[in-house]
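Everything below belongs to upload_0.cif, which stores mmCIF, C-alpha atoms and all ligand atoms.
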data_query
#
loop_
_atom_site.label_atom_id
_atom_site.label_comp_id
_atom_site.auth_asym_id
_atom_site.auth_seq_id
_atom_site.Cartn_x
_atom_site.Cartn_y
_atom_site.Cartn_z
CA MET N 10 77.21 102.64 107.22
CA ALA N 11 76.90 105.86 109.11
CA LYS N 12 77.39 108.96 107.06
CA ARG N 13 80.90 110.21 107.46
CA ALA N 14 81.22 113.65 108.94
CA ALA N 15 82.98 116.21 106.79
CA SER N 16 86.02 116.38 109.04
CA PRO N 17 89.32 117.44 107.52
CA PRO N 18 91.61 114.58 106.53
CA LEU N 19 94.07 113.21 109.06
CA ILE N 20 96.73 112.22 106.57
CA GLU N 21 98.22 112.99 103.18
CA VAL N 22 100.56 111.15 100.80
CA ARG N 23 103.76 112.85 99.68
CA ASP N 24 107.42 112.11 99.07
CA SER N 25 109.13 110.53 102.06
CA PRO N 26 112.71 110.89 103.27
CA LEU N 27 112.51 107.21 104.27
CA HIS N 28 111.48 105.65 101.00
CA GLY N 29 109.42 106.62 97.97
CA LYS N 30 106.12 108.08 98.98
CA GLY N 31 104.98 108.16 102.58
CA VAL N 32 101.95 109.07 104.63
CA PHE N 33 102.09 112.15 106.84
CA ALA N 34 99.86 113.54 109.56
CA VAL N 35 98.05 116.70 108.41
CA ARG N 36 97.10 117.46 112.00
CA SER N 37 97.85 115.96 115.38
CA ILE N 38 96.63 112.37 115.63
CA PRO N 39 95.92 111.21 119.19
CA LYS N 40 97.37 107.94 120.47
CA GLY N 41 95.03 105.04 119.80
CA THR N 42 93.36 106.60 116.77
CA ARG N 43 92.34 104.11 114.10
CA VAL N 44 93.88 106.09 111.26
CA ILE N 45 93.04 104.08 108.18
CA GLU N 46 92.04 100.64 107.01
CA TYR N 47 94.54 98.76 104.87
CA LEU N 48 92.56 98.12 101.72
CA GLY N 49 93.17 96.11 98.59
CA GLU N 50 92.02 93.03 96.80
CA ARG N 51 91.64 90.02 99.09
CA VAL N 52 93.31 87.03 97.51
CA SER N 53 94.64 83.61 98.52
CA HIS N 54 98.29 83.07 99.40
CA ARG N 55 98.61 81.04 96.23
CA GLU N 56 97.33 83.91 94.13
CA ALA N 57 99.58 86.42 95.92
CA ASP N 58 102.58 84.21 95.22
CA ARG N 59 101.55 83.87 91.59
CA ARG N 60 101.34 87.65 91.23
CA TYR N 61 104.66 88.55 92.83
CA ASP N 62 106.99 85.58 92.73
CA HIS N 63 108.29 86.37 89.28
CA LYS N 64 108.94 90.05 89.84
CA ASP N 65 112.46 91.27 90.30
CA ALA N 66 113.62 92.17 93.76
CA ASN N 67 111.68 95.29 94.59
CA ASP N 68 109.08 96.62 96.95
CA ASN N 69 106.10 94.86 95.48
CA HIS N 70 106.17 92.37 98.30
CA THR N 71 105.34 95.05 100.75
CA LEU N 72 102.02 95.71 99.03
CA LEU N 73 100.91 92.38 100.42
CA PHE N 74 99.51 92.14 103.93
CA ILE N 75 98.92 88.69 105.35
CA VAL N 76 95.59 88.60 107.18
CA ASP N 77 95.58 84.93 108.09
CA SER N 78 96.37 81.53 106.66
CA ARG N 79 93.78 81.97 103.95
CA THR N 80 93.84 85.58 102.96
CA VAL N 81 96.33 88.17 101.75
CA ILE N 82 95.42 91.77 100.97
CA ASP N 83 97.04 92.94 97.73
CA ALA N 84 97.13 96.72 97.95
CA GLY N 85 98.47 96.78 94.40
CA VAL N 86 94.82 96.33 93.38
CA ASP N 87 92.25 98.79 94.75
CA GLY N 88 94.63 99.83 97.52
CA ASN N 89 94.27 103.10 99.41
CA GLU N 90 96.73 105.49 101.04
CA ALA N 91 97.62 102.85 103.64
CA ARG N 92 99.86 101.13 101.12
CA PHE N 93 102.20 104.14 101.19
CA ILE N 94 102.84 103.94 104.93
CA ASN N 95 106.52 103.10 105.31
CA HIS N 96 108.14 100.60 107.61
CA ALA N 97 110.14 101.80 110.58
CA CYS N 98 111.76 99.85 113.39
CA GLU N 99 110.53 102.30 116.04
CA PRO N 100 107.18 103.15 114.51
CA ASN N 101 104.41 105.47 115.66
CA CYS N 102 101.64 103.18 114.36
CA GLU N 103 100.83 99.50 114.45
CA SER N 104 98.76 97.19 112.31
CA VAL N 105 95.76 95.66 114.01
CA ILE N 106 93.71 92.80 112.61
CA ALA N 107 90.05 92.83 113.59
CA ASN N 108 87.38 90.65 112.03
CA ARG N 109 89.84 89.76 109.28
CA ARG N 110 90.26 93.41 108.36
CA VAL N 111 93.47 95.35 108.86
CA PHE N 112 93.67 98.76 110.46
CA ILE N 113 96.56 101.09 111.12
CA GLU N 114 96.35 102.62 114.59
CA ALA N 115 98.46 105.29 116.27
CA LEU N 116 100.80 103.86 118.94
CA SER N 117 101.57 107.31 120.21
CA THR N 118 100.30 110.80 119.55
CA ILE N 119 101.59 111.87 116.16
CA LYS N 120 102.41 115.51 115.56
CA ALA N 121 101.17 117.32 112.49
CA GLY N 122 103.71 116.90 109.70
CA ALA N 123 105.25 113.69 111.07
CA GLU N 124 105.45 110.63 108.88
CA LEU N 125 103.34 107.63 109.87
CA THR N 126 105.16 104.32 110.10
CA TYR N 127 104.54 100.81 111.32
CA ASP N 128 106.71 97.76 111.73
CA TYR N 129 106.07 95.47 108.77
CA GLN N 130 107.33 92.47 110.77
CA ILE N 131 107.74 90.47 107.60
CA GLN N 132 108.10 86.80 108.36
CA ARG N 133 111.00 84.86 106.99
CA GLU N 134 110.14 81.69 105.12
CA ASP N 135 112.16 78.61 104.39
CA ASP N 136 112.32 79.25 100.66
CA ASP N 137 113.39 82.87 100.89
CA PRO N 138 115.91 83.96 98.27
CA PRO N 139 119.46 84.66 99.50
CA ASP N 140 119.20 88.36 98.71
CA LEU N 141 116.14 88.79 100.89
CA ASP N 142 117.91 90.95 103.44
CA GLU N 143 118.87 93.38 100.72
CA VAL N 144 115.35 93.45 99.30
CA PHE N 145 113.93 94.29 102.71
CA ALA N 146 116.80 96.38 104.01
CA CYS N 147 115.62 99.10 106.38
CA ARG N 148 117.20 102.52 106.48
CA CYS N 149 114.70 104.15 108.75
CA GLY N 150 117.50 105.86 110.66
CA PHE N 151 116.02 105.35 114.12
CA GLY N 152 118.37 104.43 116.94
CA GLY N 153 116.76 101.03 117.26
CA CYS N 154 116.93 100.23 113.56
CA ARG N 155 117.39 96.51 112.96
CA GLY N 156 118.60 97.15 109.41
CA THR N 157 115.86 94.92 108.08
CA MET N 158 112.07 94.77 107.89
CA LEU N 159 112.26 91.06 108.63
CA TRP N 160 111.87 89.17 111.84
CA SER N 161 113.99 86.09 112.18
CA GLN N 162 111.84 83.05 112.85
CA SER N 163 113.54 82.32 116.14
CA ALA N 164 114.07 85.78 117.59
CA ALA N 165 111.30 87.09 119.75
CA PRO N 166 110.40 90.65 118.84
CA PRO N 167 110.79 93.23 121.58
CA VAL N 168 107.15 94.28 121.43
CA LYS N 169 103.85 92.49 121.21
CA ARG N 170 103.86 90.59 117.98
CA GLN N 171 101.12 91.27 115.49
CA SER N 172 99.59 88.07 114.27
CA ARG N 173 100.18 88.37 110.60
CA THR N 174 99.86 84.74 109.65
CA ARG N 175 96.92 83.57 111.70
CA LYS N 176 94.12 84.89 113.79
ZN ZN S 1 114.89 100.44 110.57
#
Represent the structure of the file as structure tokens.
Ligand SMILES: [Zn+2]
Amino acid sequence: MAKRAASPPLIEVRDSPLHGKGVFAVRSIPKGTRVIEYLGERVSHREADRRYDHKDANDNHTLLFIVDSRTVIDAGVDGNEARFINHACEPNCESVIANRRVFIEALSTIKAGAELTYDYQIQREDDDPPDLDEVFACRCGFGGCRGTMLWSQSAAPPVKRQSRTRK
């Protein structure tokens, strides 16, 4: 690994008006910047289910990032600041999977002080509980808010879909 230059940080974690804690730009982040890698323990889907299936309805699900059919990143274990990035329906970042690693990249230039967001695009599954929409309700407040972090299985998303289940 190349030695990292002592550049000032791009982001900081603090309370978010959207939800809980969020991640904010400390200085302007140019479009296309690879802001941060989404880190955490890499586990199987089976193990991820075992860890979170029995929890009450809460946000723990959103600590999980599906890399492919074999691997889920659990940011609840050894996660970094990326786990605090909130969902928004009209986000300024996107998740990019490269070599089975997950990175958050800027979709547009982000002004200093702005909150970083990406679309979680959580996939619905056949055995979802009936209150799933409430669990993943979105109140991001953007004009294009879908009211949910979920994609329906049939509806085509309006933008390029991130492959969250396979690569
Ligand atoms: Zn929304």
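Closest approach to ligand ZN 1 (chain S) from the set N:Lys120, N:Lys40, N:His96, N:Arg109 is made by N:His96, with distances taken over all atoms listed in the file.
Relative to atom CA of N:Asn108, atom CA of N:Leu48 is found at 13.7 Å.
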Return as a Markdown table the residues of chain N lying at most 9 Å from ligand ZN 1 (chain S), together with the closest atom-to-atom pair for each and the distance in Å to one decimal, counting all atoms listed in the file, with rows in chain order and ascending residue number.
| residue | atom | partner | partner_atom | distance |
| --- | --- | --- | --- | --- |
| N:His96 | CA | S:ZN1 | ZN | 7.4 |
| N:Ala97 | CA | S:ZN1 | ZN | 4.9 |
| N:Cys98 | CA | S:ZN1 | ZN | 4.3 |
| N:Glu99 | CA | S:ZN1 | ZN | 7.2 |
| N:Asp128 | CA | S:ZN1 | ZN | 8.7 |
| N:Ala146 | CA | S:ZN1 | ZN | 7.9 |
| N:Cys147 | CA | S:ZN1 | ZN | 4.5 |
| N:Arg148 | CA | S:ZN1 | ZN | 5.1 |
| N:Cys149 | CA | S:ZN1 | ZN | 4.1 |
| N:Gly150 | CA | S:ZN1 | ZN | 6.0 |
| N:Phe151 | CA | S:ZN1 | ZN | 6.2 |
| N:Gly152 | CA | S:ZN1 | ZN | 8.3 |
| N:Gly153 | CA | S:ZN1 | ZN | 7.0 |
| N:Cys154 | CA | S:ZN1 | ZN | 3.6 |
| N:Arg155 | CA | S:ZN1 | ZN | 5.2 |
| N:Gly156 | CA | S:ZN1 | ZN | 5.1 |
| N:Thr157 | CA | S:ZN1 | ZN | 6.1 |
| N:Met158 | CA | S:ZN1 | ZN | 6.9 |
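Near N:Phe93, within 10 Å and counting only C-alpha atoms, sit Glu21, Val22, Arg23, Asp24, Ser25, His28, Gly29, Lys30, Gly31, Val32, Phe33, Thr71, Leu72, Ala84, Gly88, Asn89, Glu90, His96, Leu125 and Thr126 of chain N, not including residues fewer than 3 positions from it in the same chain.
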Exercise for the section: Just give me the gap between atom CA of N:Ile113 and atom CA of N:Ala34 in Å, one decimal is fine. Expected result: 13.0 Å
